[in-house]
>>> print(open('start-v5.cif').read())   # mmCIF, C-alpha atoms and all ligand atoms
data_final
#
loop_
_atom_site.group_PDB
_atom_site.id
_atom_site.type_symbol
_atom_site.label_atom_id
_atom_site.label_comp_id
_atom_site.auth_asym_id
_atom_site.auth_seq_id
_atom_site.Cartn_x
_atom_site.Cartn_y
_atom_site.Cartn_z
ATOM 1 C CA MET A 1 -8.539 -1.364 -21.328
ATOM 2 C CA THR A 2 -6.585 -1.115 -18.057
ATOM 3 C CA GLN A 3 -4.664 2.035 -17.205
ATOM 4 C CA GLY A 4 -1.992 -0.055 -15.448
ATOM 5 C CA THR A 5 -1.820 -1.458 -11.946
ATOM 6 C CA VAL A 6 -1.684 0.555 -8.720
ATOM 7 C CA LEU A 7 -0.093 -1.111 -5.687
ATOM 8 C CA VAL A 8 -1.518 0.330 -2.455
ATOM 9 C CA THR A 9 -0.124 -0.587 0.948
ATOM 10 C CA GLY A 10 -2.509 -0.354 3.892
ATOM 11 C CA ALA A 11 -5.475 -0.794 1.549
ATOM 12 C CA SER A 12 -7.730 -2.692 3.961
ATOM 13 C CA SER A 13 -9.120 0.475 5.586
ATOM 14 C CA GLY A 14 -9.049 4.264 5.791
ATOM 15 C CA ILE A 15 -7.026 6.345 3.345
ATOM 16 C CA GLY A 16 -5.580 3.342 1.473
ATOM 17 C CA ALA A 17 -9.014 1.841 0.801
ATOM 18 C CA VAL A 18 -10.195 5.191 -0.630
ATOM 19 C CA TYR A 19 -7.105 5.465 -2.862
ATOM 20 C CA ALA A 20 -7.890 1.957 -4.129
ATOM 21 C CA ASP A 21 -11.480 2.944 -4.894
ATOM 22 C CA ARG A 22 -10.479 6.163 -6.684
ATOM 23 C CA PHE A 23 -7.790 4.536 -8.848
ATOM 24 C CA ALA A 24 -10.171 1.675 -9.708
ATOM 25 C CA GLY A 25 -12.671 4.358 -10.737
ATOM 26 C CA ARG A 26 -10.006 5.724 -13.103
ATOM 27 C CA GLY A 27 -9.703 2.289 -14.732
ATOM 28 C CA HIS A 28 -6.623 0.975 -12.933
ATOM 29 C CA ASP A 29 -6.180 -2.616 -11.814
ATOM 30 C CA LEU A 30 -5.067 -2.965 -8.211
ATOM 31 C CA ILE A 31 -2.731 -4.860 -5.920
ATOM 32 C CA LEU A 32 -3.898 -4.339 -2.346
ATOM 33 C CA VAL A 33 -1.547 -5.015 0.568
ATOM 34 C CA ALA A 34 -2.248 -5.206 4.320
ATOM 35 C CA ARG A 35 -2.111 -7.828 7.076
ATOM 36 C CA ASN A 36 -5.798 -8.657 7.466
ATOM 37 C CA ALA A 37 -6.614 -11.003 4.553
ATOM 38 C CA ALA A 38 -10.375 -11.059 5.176
ATOM 39 C CA ARG A 39 -10.711 -7.272 5.218
ATOM 40 C CA LEU A 40 -8.508 -6.951 2.132
ATOM 41 C CA GLU A 41 -10.640 -9.479 0.268
ATOM 42 C CA ALA A 42 -13.825 -7.614 1.265
ATOM 43 C CA VAL A 43 -12.379 -4.358 -0.150
ATOM 44 C CA ALA A 44 -11.223 -6.183 -3.297
ATOM 45 C CA ASP A 45 -14.596 -7.812 -3.834
ATOM 46 C CA ARG A 46 -16.403 -4.482 -3.503
ATOM 47 C CA LEU A 47 -14.067 -2.780 -5.981
ATOM 48 C CA ARG A 48 -14.243 -5.592 -8.553
ATOM 49 C CA ARG A 49 -18.029 -5.356 -8.508
ATOM 50 C CA ARG A 50 -18.177 -1.554 -8.449
ATOM 51 C CA HIS A 51 -15.524 -0.812 -11.081
ATOM 52 C CA GLY A 52 -14.975 -4.056 -13.043
ATOM 53 C CA VAL A 53 -11.180 -3.930 -12.616
ATOM 54 C CA ALA A 54 -8.815 -6.771 -11.702
ATOM 55 C CA VAL A 55 -7.850 -6.738 -8.014
ATOM 56 C CA ARG A 56 -5.196 -8.917 -6.384
ATOM 57 C CA THR A 57 -4.692 -9.029 -2.634
ATOM 58 C CA VAL A 58 -1.443 -9.697 -0.811
ATOM 59 C CA ALA A 59 -1.776 -10.377 2.912
ATOM 60 C CA ALA A 60 1.626 -9.342 4.250
ATOM 61 C CA ASP A 61 3.008 -7.819 7.408
ATOM 62 C CA LEU A 62 5.291 -5.057 6.128
ATOM 63 C CA THR A 63 7.202 -4.929 9.422
ATOM 64 C CA ASP A 64 8.324 -8.453 8.709
ATOM 65 C CA ARG A 65 11.219 -9.162 6.292
ATOM 66 C CA THR A 66 9.338 -12.029 4.609
ATOM 67 C CA GLY A 67 6.195 -9.979 4.016
ATOM 68 C CA LEU A 68 8.211 -7.038 2.783
ATOM 69 C CA ALA A 69 10.282 -9.238 0.448
ATOM 70 C CA ALA A 70 7.109 -10.643 -1.143
ATOM 71 C CA VAL A 71 5.872 -7.142 -2.025
ATOM 72 C CA GLU A 72 9.340 -6.012 -3.140
ATOM 73 C CA ALA A 73 9.442 -8.986 -5.553
ATOM 74 C CA ILE A 74 6.078 -8.003 -7.048
ATOM 75 C CA LEU A 75 7.206 -4.386 -7.534
ATOM 76 C CA ALA A 76 10.436 -5.483 -9.190
ATOM 77 C CA SER A 77 8.860 -8.005 -11.551
ATOM 78 C CA ASP A 78 5.307 -6.937 -12.453
ATOM 79 C CA ALA A 79 5.686 -4.665 -15.480
ATOM 80 C CA SER A 80 2.009 -3.627 -15.325
ATOM 81 C CA ILE A 81 2.591 -1.568 -12.135
ATOM 82 C CA THR A 82 2.344 2.168 -12.802
ATOM 83 C CA HIS A 83 1.839 3.518 -9.250
ATOM 84 C CA LEU A 84 3.178 2.674 -5.794
ATOM 85 C CA ILE A 85 1.254 4.204 -2.893
ATOM 86 C CA ASN A 86 3.246 3.935 0.343
ATOM 87 C CA ASN A 87 0.351 4.402 2.738
ATOM 88 C CA ALA A 88 0.467 1.645 5.403
ATOM 89 C CA GLY A 89 1.406 3.046 8.776
ATOM 90 C CA PHE A 90 0.322 3.706 12.294
ATOM 91 C CA GLY A 91 0.744 6.413 14.889
ATOM 92 C CA SER A 92 0.573 7.016 18.589
ATOM 93 C CA ALA A 93 -0.600 9.849 20.774
ATOM 94 C CA ALA A 94 1.537 8.665 23.702
ATOM 95 C CA PRO A 95 4.258 11.007 25.024
ATOM 96 C CA LEU A 96 7.731 9.640 24.246
ATOM 97 C CA ALA A 97 8.584 8.482 27.750
ATOM 98 C CA ALA A 98 5.227 6.712 28.149
ATOM 99 C CA ALA A 99 5.482 4.795 24.861
ATOM 100 C CA SER A 100 6.831 1.251 24.621
ATOM 101 C CA VAL A 101 10.195 1.241 22.868
ATOM 102 C CA ASP A 102 9.314 -2.016 21.076
ATOM 103 C CA GLU A 103 6.126 -0.402 19.767
ATOM 104 C CA MET A 104 8.202 2.579 18.586
ATOM 105 C CA GLU A 105 10.553 0.226 16.746
ATOM 106 C CA ARG A 106 7.578 -1.429 15.002
ATOM 107 C CA MET A 107 6.379 2.056 14.038
ATOM 108 C CA ILE A 108 9.733 2.829 12.424
ATOM 109 C CA ALA A 109 9.566 -0.508 10.598
ATOM 110 C CA ILE A 110 6.201 0.240 8.988
ATOM 111 C CA ASN A 111 6.444 4.040 8.609
ATOM 112 C CA VAL A 112 10.108 4.275 7.555
ATOM 113 C CA THR A 113 11.714 0.960 6.558
ATOM 114 C CA ALA A 114 8.747 -0.353 4.551
ATOM 115 C CA PRO A 115 8.283 2.695 2.267
ATOM 116 C CA MET A 116 12.055 2.987 1.874
ATOM 117 C CA ARG A 117 12.479 -0.659 0.811
ATOM 118 C CA LEU A 118 9.386 -0.666 -1.434
ATOM 119 C CA THR A 119 10.661 2.484 -3.150
ATOM 120 C CA TYR A 120 14.028 0.821 -3.714
ATOM 121 C CA ALA A 121 12.178 -2.099 -5.318
ATOM 122 C CA ALA A 122 9.989 0.069 -7.565
ATOM 123 C CA VAL A 123 12.460 2.723 -8.760
ATOM 124 C CA PRO A 124 14.680 0.551 -11.038
ATOM 125 C CA ALA A 125 11.571 -0.877 -12.741
ATOM 126 C CA PHE A 126 9.914 2.542 -13.112
ATOM 127 C CA THR A 127 13.060 4.270 -14.423
ATOM 128 C CA ALA A 128 13.705 1.419 -16.907
ATOM 129 C CA ARG A 129 10.171 1.972 -18.266
ATOM 130 C CA GLY A 130 10.579 5.756 -18.169
ATOM 131 C CA LYS A 131 7.362 6.209 -16.214
ATOM 132 C CA GLY A 132 5.758 5.559 -12.875
ATOM 133 C CA THR A 133 4.345 7.394 -9.884
ATOM 134 C CA ILE A 134 5.265 7.070 -6.218
ATOM 135 C CA ILE A 135 2.853 8.570 -3.697
ATOM 136 C CA ASN A 136 4.196 8.701 -0.146
ATOM 137 C CA ILE A 137 1.738 9.349 2.673
ATOM 138 C CA ALA A 138 3.479 11.482 5.291
ATOM 139 C CA SER A 139 1.556 13.645 7.777
ATOM 140 C CA ILE A 140 1.388 17.220 8.989
ATOM 141 C CA ALA A 141 3.357 15.738 11.914
ATOM 142 C CA ALA A 142 6.306 15.751 9.469
ATOM 143 C CA ILE A 143 6.558 19.513 10.001
ATOM 144 C CA GLY A 144 5.090 19.504 13.517
ATOM 145 C CA PRO A 145 6.610 16.520 15.337
ATOM 146 C CA GLU A 146 5.564 18.067 18.657
ATOM 147 C CA VAL A 147 1.885 17.539 17.807
ATOM 148 C CA LEU A 148 1.685 13.758 18.460
ATOM 149 C CA ASN A 149 4.141 11.100 19.556
ATOM 150 C CA GLY A 150 7.693 12.158 18.633
ATOM 151 C CA VAL A 151 8.743 8.887 17.003
ATOM 152 C CA TYR A 152 5.636 9.156 14.825
ATOM 153 C CA GLY A 153 6.526 12.759 13.912
ATOM 154 C CA GLY A 154 10.126 11.763 13.225
ATOM 155 C CA SER A 155 9.024 8.858 11.037
ATOM 156 C CA LYS A 156 6.837 11.180 8.960
ATOM 157 C CA SER A 157 9.655 13.776 8.745
ATOM 158 C CA PHE A 158 11.681 10.931 7.219
ATOM 159 C CA VAL A 159 8.932 10.339 4.634
ATOM 160 C CA LEU A 160 8.944 14.037 3.704
ATOM 161 C CA GLY A 161 12.759 14.291 3.521
ATOM 162 C CA PHE A 162 13.079 11.003 1.615
ATOM 163 C CA SER A 163 10.455 12.203 -0.873
ATOM 164 C CA GLN A 164 12.215 15.556 -1.365
ATOM 165 C CA SER A 165 15.489 13.797 -2.151
ATOM 166 C CA LEU A 166 13.799 11.152 -4.318
ATOM 167 C CA ARG A 167 12.091 13.803 -6.390
ATOM 168 C CA LYS A 168 15.447 15.484 -7.056
ATOM 169 C CA ASP A 169 17.170 12.195 -7.930
ATOM 170 C CA LEU A 170 14.361 11.100 -10.272
ATOM 171 C CA ALA A 171 14.049 14.407 -12.147
ATOM 172 C CA GLY A 172 14.122 13.745 -15.888
ATOM 173 C CA THR A 173 13.469 9.991 -15.570
ATOM 174 C CA GLY A 174 9.717 10.211 -16.210
ATOM 175 C CA VAL A 175 9.009 9.030 -12.651
ATOM 176 C CA THR A 176 6.756 11.285 -10.567
ATOM 177 C CA VAL A 177 6.966 11.638 -6.783
ATOM 178 C CA GLN A 178 4.217 13.138 -4.637
ATOM 179 C CA VAL A 179 4.242 13.452 -0.861
ATOM 180 C CA VAL A 180 0.886 13.910 0.857
ATOM 181 C CA LEU A 181 0.649 15.437 4.335
ATOM 182 C CA PRO A 182 -2.793 14.682 5.780
ATOM 183 C CA GLY A 183 -3.993 16.529 8.836
ATOM 184 C CA ALA A 184 -6.371 14.711 11.200
ATOM 185 C CA THR A 185 -8.413 12.304 9.070
ATOM 186 C CA GLY A 186 -11.376 10.274 10.324
ATOM 187 C CA THR A 187 -10.024 6.707 10.172
ATOM 188 C CA GLU A 188 -9.106 3.852 12.503
ATOM 189 C CA PHE A 189 -5.649 5.467 12.762
ATOM 190 C CA TRP A 190 -6.860 7.330 15.840
ATOM 191 C CA ASP A 191 -8.167 4.184 17.568
ATOM 192 C CA VAL A 192 -4.767 2.538 17.009
ATOM 193 C CA ALA A 193 -3.059 5.735 18.234
ATOM 194 C CA GLY A 194 -5.050 5.591 21.483
ATOM 195 C CA LEU A 195 -7.137 8.723 20.877
ATOM 196 C CA PRO A 196 -10.364 7.980 18.924
ATOM 197 C CA ALA A 197 -11.127 10.616 16.239
ATOM 198 C CA SER A 198 -14.510 11.228 17.885
ATOM 199 C CA HIS A 199 -12.555 12.839 20.776
ATOM 200 C CA LEU A 200 -10.945 15.425 18.471
ATOM 201 C CA PRO A 201 -12.523 18.805 17.675
ATOM 202 C CA GLN A 202 -14.664 17.856 14.679
ATOM 203 C CA GLU A 203 -13.664 21.011 12.767
ATOM 204 C CA TRP A 204 -10.156 19.501 12.539
ATOM 205 C CA VAL A 205 -11.147 16.115 11.138
ATOM 206 C CA MET A 206 -11.358 15.559 7.370
ATOM 207 C CA SER A 207 -12.989 12.486 5.837
ATOM 208 C CA ALA A 208 -10.662 10.018 4.119
ATOM 209 C CA GLU A 209 -12.702 10.555 0.926
ATOM 210 C CA ASP A 210 -12.154 14.344 0.916
ATOM 211 C CA LEU A 211 -8.476 13.860 1.783
ATOM 212 C CA VAL A 212 -7.811 11.470 -1.106
ATOM 213 C CA ASP A 213 -9.893 13.420 -3.642
ATOM 214 C CA ALA A 214 -7.956 16.599 -2.791
ATOM 215 C CA ALA A 215 -4.609 14.770 -2.932
ATOM 216 C CA LEU A 216 -5.485 13.415 -6.379
ATOM 217 C CA ILE A 217 -6.305 16.923 -7.608
ATOM 218 C CA GLY A 218 -2.825 17.896 -6.381
ATOM 219 C CA LEU A 219 -1.308 14.891 -8.204
ATOM 220 C CA ASP A 220 -3.167 15.707 -11.431
ATOM 221 C CA ARG A 221 -1.794 19.264 -11.238
ATOM 222 C CA GLY A 222 1.755 17.971 -10.879
ATOM 223 C CA GLU A 223 2.065 19.168 -7.289
ATOM 224 C CA PHE A 224 4.929 17.631 -5.296
ATOM 225 C CA ALA A 225 3.841 18.302 -1.695
ATOM 226 C CA THR A 226 0.105 18.256 -1.043
ATOM 227 C CA VAL A 227 -1.403 19.383 2.257
ATOM 228 C CA PRO A 228 -5.168 19.116 1.698
ATOM 229 C CA SER A 229 -6.164 20.684 5.025
ATOM 230 C CA LEU A 230 -3.883 23.754 4.751
ATOM 231 C CA GLN A 231 -6.315 26.482 3.685
ATOM 232 C CA GLU A 232 -3.693 29.034 2.573
ATOM 233 C CA GLY A 233 -1.338 27.248 0.170
ATOM 234 C CA GLU A 234 0.983 30.290 0.227
ATOM 235 C CA GLU A 235 1.999 29.297 3.766
ATOM 236 C CA TRP A 236 3.618 26.132 2.397
ATOM 237 C CA GLY A 237 5.232 28.179 -0.382
ATOM 238 C CA ALA A 238 6.679 30.639 2.162
ATOM 239 C CA TRP A 239 8.034 27.793 4.336
ATOM 240 C CA GLU A 240 9.647 26.132 1.322
ATOM 241 C CA ALA A 241 11.074 29.472 0.111
ATOM 242 C CA ALA A 242 12.614 30.111 3.556
ATOM 243 C CA ARG A 243 14.174 26.636 3.510
ATOM 244 C CA GLN A 244 15.599 27.151 0.002
ATOM 245 C CA ALA A 245 16.944 30.598 0.957
ATOM 246 C CA MET A 246 18.743 29.161 4.016
ATOM 247 C CA LEU A 247 20.219 26.103 2.215
ATOM 248 C CA PRO A 248 23.254 27.874 0.659
ATOM 249 C CA HIS A 249 24.164 29.341 4.057
ATOM 250 C CA LEU A 250 24.211 26.148 6.099
ATOM 251 C CA SER A 251 27.836 25.063 5.607
ATOM 252 C CA ASN A 252 30.731 27.319 6.481
ATOM 253 C CA ALA A 253 34.331 26.765 7.600
ATOM 254 C CA VAL A 254 33.949 29.284 10.417
ATOM 255 C CA PRO A 255 31.418 29.320 13.246
ATOM 256 C CA ALA A 256 28.858 32.108 13.110
ATOM 257 C CA ALA A 257 29.808 35.307 14.963
ATOM 258 C CA ARG A 258 27.319 34.520 17.748
ATOM 259 C CA TYR A 259 29.327 31.374 18.642
ATOM 260 C CA ARG A 260 32.727 33.087 18.902
ATOM 261 C CA SER A 261 33.991 33.753 22.414
ATOM 262 C CA ALA A 262 34.184 37.408 23.309
HETATM 263 N N1 LIG B 1 -5.794 9.329 9.933
HETATM 264 C C1 LIG B 1 -5.029 10.396 10.127
HETATM 265 O O1 LIG B 1 -5.379 11.360 10.853
HETATM 266 C C2 LIG B 1 -3.699 10.493 9.442
HETATM 267 C C3 LIG B 1 -3.051 11.747 9.430
HETATM 268 C C4 LIG B 1 -1.808 11.856 8.822
HETATM 269 C C5 LIG B 1 -1.236 10.745 8.201
HETATM 270 N N2 LIG B 1 -1.892 9.543 8.233
HETATM 271 C C6 LIG B 1 -1.225 8.391 7.600
HETATM 272 O O2 LIG B 1 -2.092 7.799 6.668
HETATM 273 C C7 LIG B 1 -1.717 6.430 6.477
HETATM 274 C C8 LIG B 1 -2.971 5.565 6.475
HETATM 275 O O3 LIG B 1 -3.585 5.627 7.743
HETATM 276 P P1 LIG B 1 -5.167 5.652 7.952
HETATM 277 O O4 LIG B 1 -5.504 6.933 8.580
HETATM 278 O O5 LIG B 1 -5.866 5.252 6.730
HETATM 279 O O6 LIG B 1 -5.293 4.541 9.112
HETATM 280 P P2 LIG B 1 -5.910 3.069 9.129
HETATM 281 O O7 LIG B 1 -7.339 3.112 8.716
HETATM 282 O O8 LIG B 1 -5.563 2.523 10.482
HETATM 283 O O9 LIG B 1 -5.111 2.293 7.987
HETATM 284 C C9 LIG B 1 -3.812 1.767 8.164
HETATM 285 C C10 LIG B 1 -3.591 0.695 7.114
HETATM 286 O O10 LIG B 1 -2.253 0.201 7.241
HETATM 287 C C11 LIG B 1 -2.294 -1.227 7.337
HETATM 288 N N3 LIG B 1 -1.179 -1.686 8.147
HETATM 289 C C12 LIG B 1 -0.888 -1.336 9.425
HETATM 290 N N4 LIG B 1 0.184 -2.006 9.858
HETATM 291 C C13 LIG B 1 0.591 -2.788 8.822
HETATM 292 C C14 LIG B 1 1.635 -3.731 8.665
HETATM 293 N N5 LIG B 1 2.488 -4.024 9.650
HETATM 294 N N6 LIG B 1 1.780 -4.360 7.467
HETATM 295 C C15 LIG B 1 0.915 -4.092 6.451
HETATM 296 N N7 LIG B 1 -0.099 -3.215 6.551
HETATM 297 C C16 LIG B 1 -0.263 -2.581 7.733
HETATM 298 C C17 LIG B 1 -3.654 -1.518 7.980
HETATM 299 O O11 LIG B 1 -4.169 -2.814 7.670
HETATM 300 P P3 LIG B 1 -3.951 -4.161 8.564
HETATM 301 O O12 LIG B 1 -4.257 -3.773 9.980
HETATM 302 O O13 LIG B 1 -4.907 -5.115 7.939
HETATM 303 O O14 LIG B 1 -2.540 -4.546 8.351
HETATM 304 C C18 LIG B 1 -4.528 -0.482 7.267
HETATM 305 O O15 LIG B 1 -4.914 -0.957 6.000
HETATM 306 C C19 LIG B 1 -0.714 6.115 7.591
HETATM 307 O O16 LIG B 1 0.592 6.120 7.054
HETATM 308 C C20 LIG B 1 -0.877 7.270 8.570
HETATM 309 O O17 LIG B 1 0.300 7.542 9.282
HETATM 310 C C21 LIG B 1 -3.100 9.398 8.811
#
>>> encode(input="start-v5.cif", output="structure tokens")
Amino acid sequence: MTQGTVLVTGASSGIGAVYADRFAGRGHDLILVARNAARLEAVADRLRRRHGVAVRTVAADLTDRTGLAAVEAILASDASITHLINNAGFGSAAPLAAASVDEMERMIAINVTAPMRLTYAAVPAFTARGKGTIINIASIAAIGPEVLNGVYGGSKSFVLGFSQSLRKDLAGTGVTVQVVLPGATGTEFWDVAGLPASHLPQEWVMSAEDLVDAALIGLDRGEFATVPSLQEGEEWGAWEAARQAMLPHLSNAVPAARYRSA
């Protein structure tokens, strides 16, 4: 008996492929999305044999309107879908001025526009059914955009902010939102970013398996923001508390005293 279908973007490798494996292990059917059809089919074949679930593959470029529209149509019409995992993305280690602006625009298309549009496609269907889960893969760069390329950091800050707002808007609808902020994770991400993970201090680099297993423990506990590599969870709590404390003070008709001329 299937537990419902999980749609994973960027499922042909790395974190997305592990999410697919773990949800298949929980008895979910899968829809796997990425560009490389052969790699997707290899992942699908392995998971069908290992877990006996139904796996469909959709080879689509999510920076392209046609590819995105195909996945949006599936999310809007397939009533078996219980989970959307917005995971596909890429990064760069290049300093802003050294990075190609066209490459940066493609990064915004996959890291920002794709999860935004796929969420817009899934939410009406999920709220109509009164259930559903959206997992957005951000990054620790969301709160530290200085760490890697700034457009990458900004794109992941978008994912965090979008998720925070989405969670508020969907409260009481039965739809769950989780945002996951991985630290350095040992995947092909780093080859694409121009800095292979083998060049990083190994004590920083988590395996994709450990990352996803920890994130799923967070999901099962009803956690909204999950940062698997942050050892002291209270640090996130303190940061969030400081943000909440400042929120009521951020609009005022008069400039603060420090901005008044003497
Ligand atoms: N690894 C890390 O250290 C790290 C840290 C923080 C956050 N993250 C985030 O984790 C997510 C997954 O990355 P990963 O580490 O697992 O890297 P990865 O192994 O390179 O996986 C990226 C996935 O996205 C797919 N993808 C890339 N461009 C696409 C496009 N235009 N259309 C459709 N699919 C596309 C890739 O497949 P195809 O090439 O076949 O399309 C692949 O399946 C990303 O959002 C990344 O920003 C990673």
>>> residues_near_ligand(input="start-v5.cif", ligand="ligand LIG 1 (chain B)", cutoff="8 Å", atoms="all atoms listed in the file", output="MDAnalysis selection string")
chainID A and resid 9:17 33:37 39:40 59:64 67 86:91 106 109:111 137:141 152 156 181:192 197 205 208
>>> resolve_selection(input="start-v5.cif", expression="the PyMOL selection byres (((chain A and resi 115-123) around 7) and not hetatm)", output="PyMOL selection string")
chain A and resi 72+75-76+86+111-114+124-127
>>> atom_distance(input="start-v5.cif", atom1="atom CA of Trp204 of chain A", atom2="atom CA of Leu216 of chain A")
20.4 Å
>>> closest_residue(input="start-v5.cif", among="A:Val177, A:Ala225, A:Leu166, A:Ala93", to="Val151 of chain A", atoms="all atoms listed in the file")
A:Ala93
>>> residues_around(input="start-v5.cif", residues="Gln164 of chain A", least_positions_apart="5", cutoff="10 Å", atoms="only C-alpha atoms", output="count of residues only")
8
>>> decode(input="start-v5.cif", residues="segment 187-201 of chain A", atoms="N, CA, C and O atoms", output="compact mmCIF listing (two decimals), in the first residue's frame")
# COMPACT_ATOMS: atom_id res chain seq x y z
N THR A 187 28.92 16.20 -2.21
CA THR A 187 28.22 15.86 -3.46
C THR A 187 28.93 16.53 -4.63
O THR A 187 29.89 17.27 -4.45
N GLU A 188 28.35 16.32 -5.82
CA GLU A 188 28.91 16.94 -7.03
C GLU A 188 28.71 18.46 -7.04
O GLU A 188 29.27 19.15 -7.89
N PHE A 189 27.88 18.95 -6.11
CA PHE A 189 27.66 20.40 -5.99
C PHE A 189 28.98 21.16 -6.04
O PHE A 189 29.10 22.17 -6.73
N TRP A 190 29.98 20.63 -5.34
CA TRP A 190 31.25 21.36 -5.21
C TRP A 190 32.05 21.33 -6.50
O TRP A 190 32.80 22.27 -6.79
N ASP A 191 31.91 20.25 -7.29
CA ASP A 191 32.58 20.21 -8.61
C ASP A 191 31.96 21.28 -9.51
O ASP A 191 32.67 22.02 -10.19
N VAL A 192 30.60 21.34 -9.48
CA VAL A 192 29.90 22.34 -10.30
C VAL A 192 30.28 23.75 -9.83
O VAL A 192 30.46 24.67 -10.63
N ALA A 193 30.45 23.91 -8.51
CA ALA A 193 30.75 25.23 -7.94
C ALA A 193 32.20 25.66 -8.20
O ALA A 193 32.57 26.80 -7.95
N GLY A 194 33.03 24.72 -8.69
CA GLY A 194 34.41 25.06 -9.01
C GLY A 194 35.38 24.87 -7.86
O GLY A 194 36.49 25.41 -7.88
N LEU A 195 34.95 24.12 -6.83
CA LEU A 195 35.81 23.89 -5.67
C LEU A 195 35.49 22.47 -5.16
O LEU A 195 34.62 22.31 -4.30
N PRO A 196 36.14 21.43 -5.70
CA PRO A 196 35.78 20.06 -5.32
C PRO A 196 35.79 19.86 -3.81
O PRO A 196 36.64 20.41 -3.10
N ALA A 197 34.82 19.07 -3.30
CA ALA A 197 34.67 18.87 -1.85
C ALA A 197 35.93 18.29 -1.22
O ALA A 197 36.19 18.50 -0.04
N SER A 198 36.73 17.58 -2.04
CA SER A 198 37.96 16.99 -1.50
C SER A 198 38.96 18.07 -1.09
O SER A 198 39.89 17.82 -0.35
N HIS A 199 38.75 19.32 -1.58
CA HIS A 199 39.64 20.43 -1.23
C HIS A 199 39.20 21.13 0.06
O HIS A 199 39.88 22.05 0.52
N LEU A 200 38.05 20.75 0.59
CA LEU A 200 37.55 21.40 1.82
C LEU A 200 38.09 20.67 3.03
O LEU A 200 38.38 19.47 2.96
N PRO A 201 38.22 21.35 4.18
CA PRO A 201 38.58 20.64 5.41
C PRO A 201 37.57 19.53 5.66
O PRO A 201 36.36 19.80 5.70
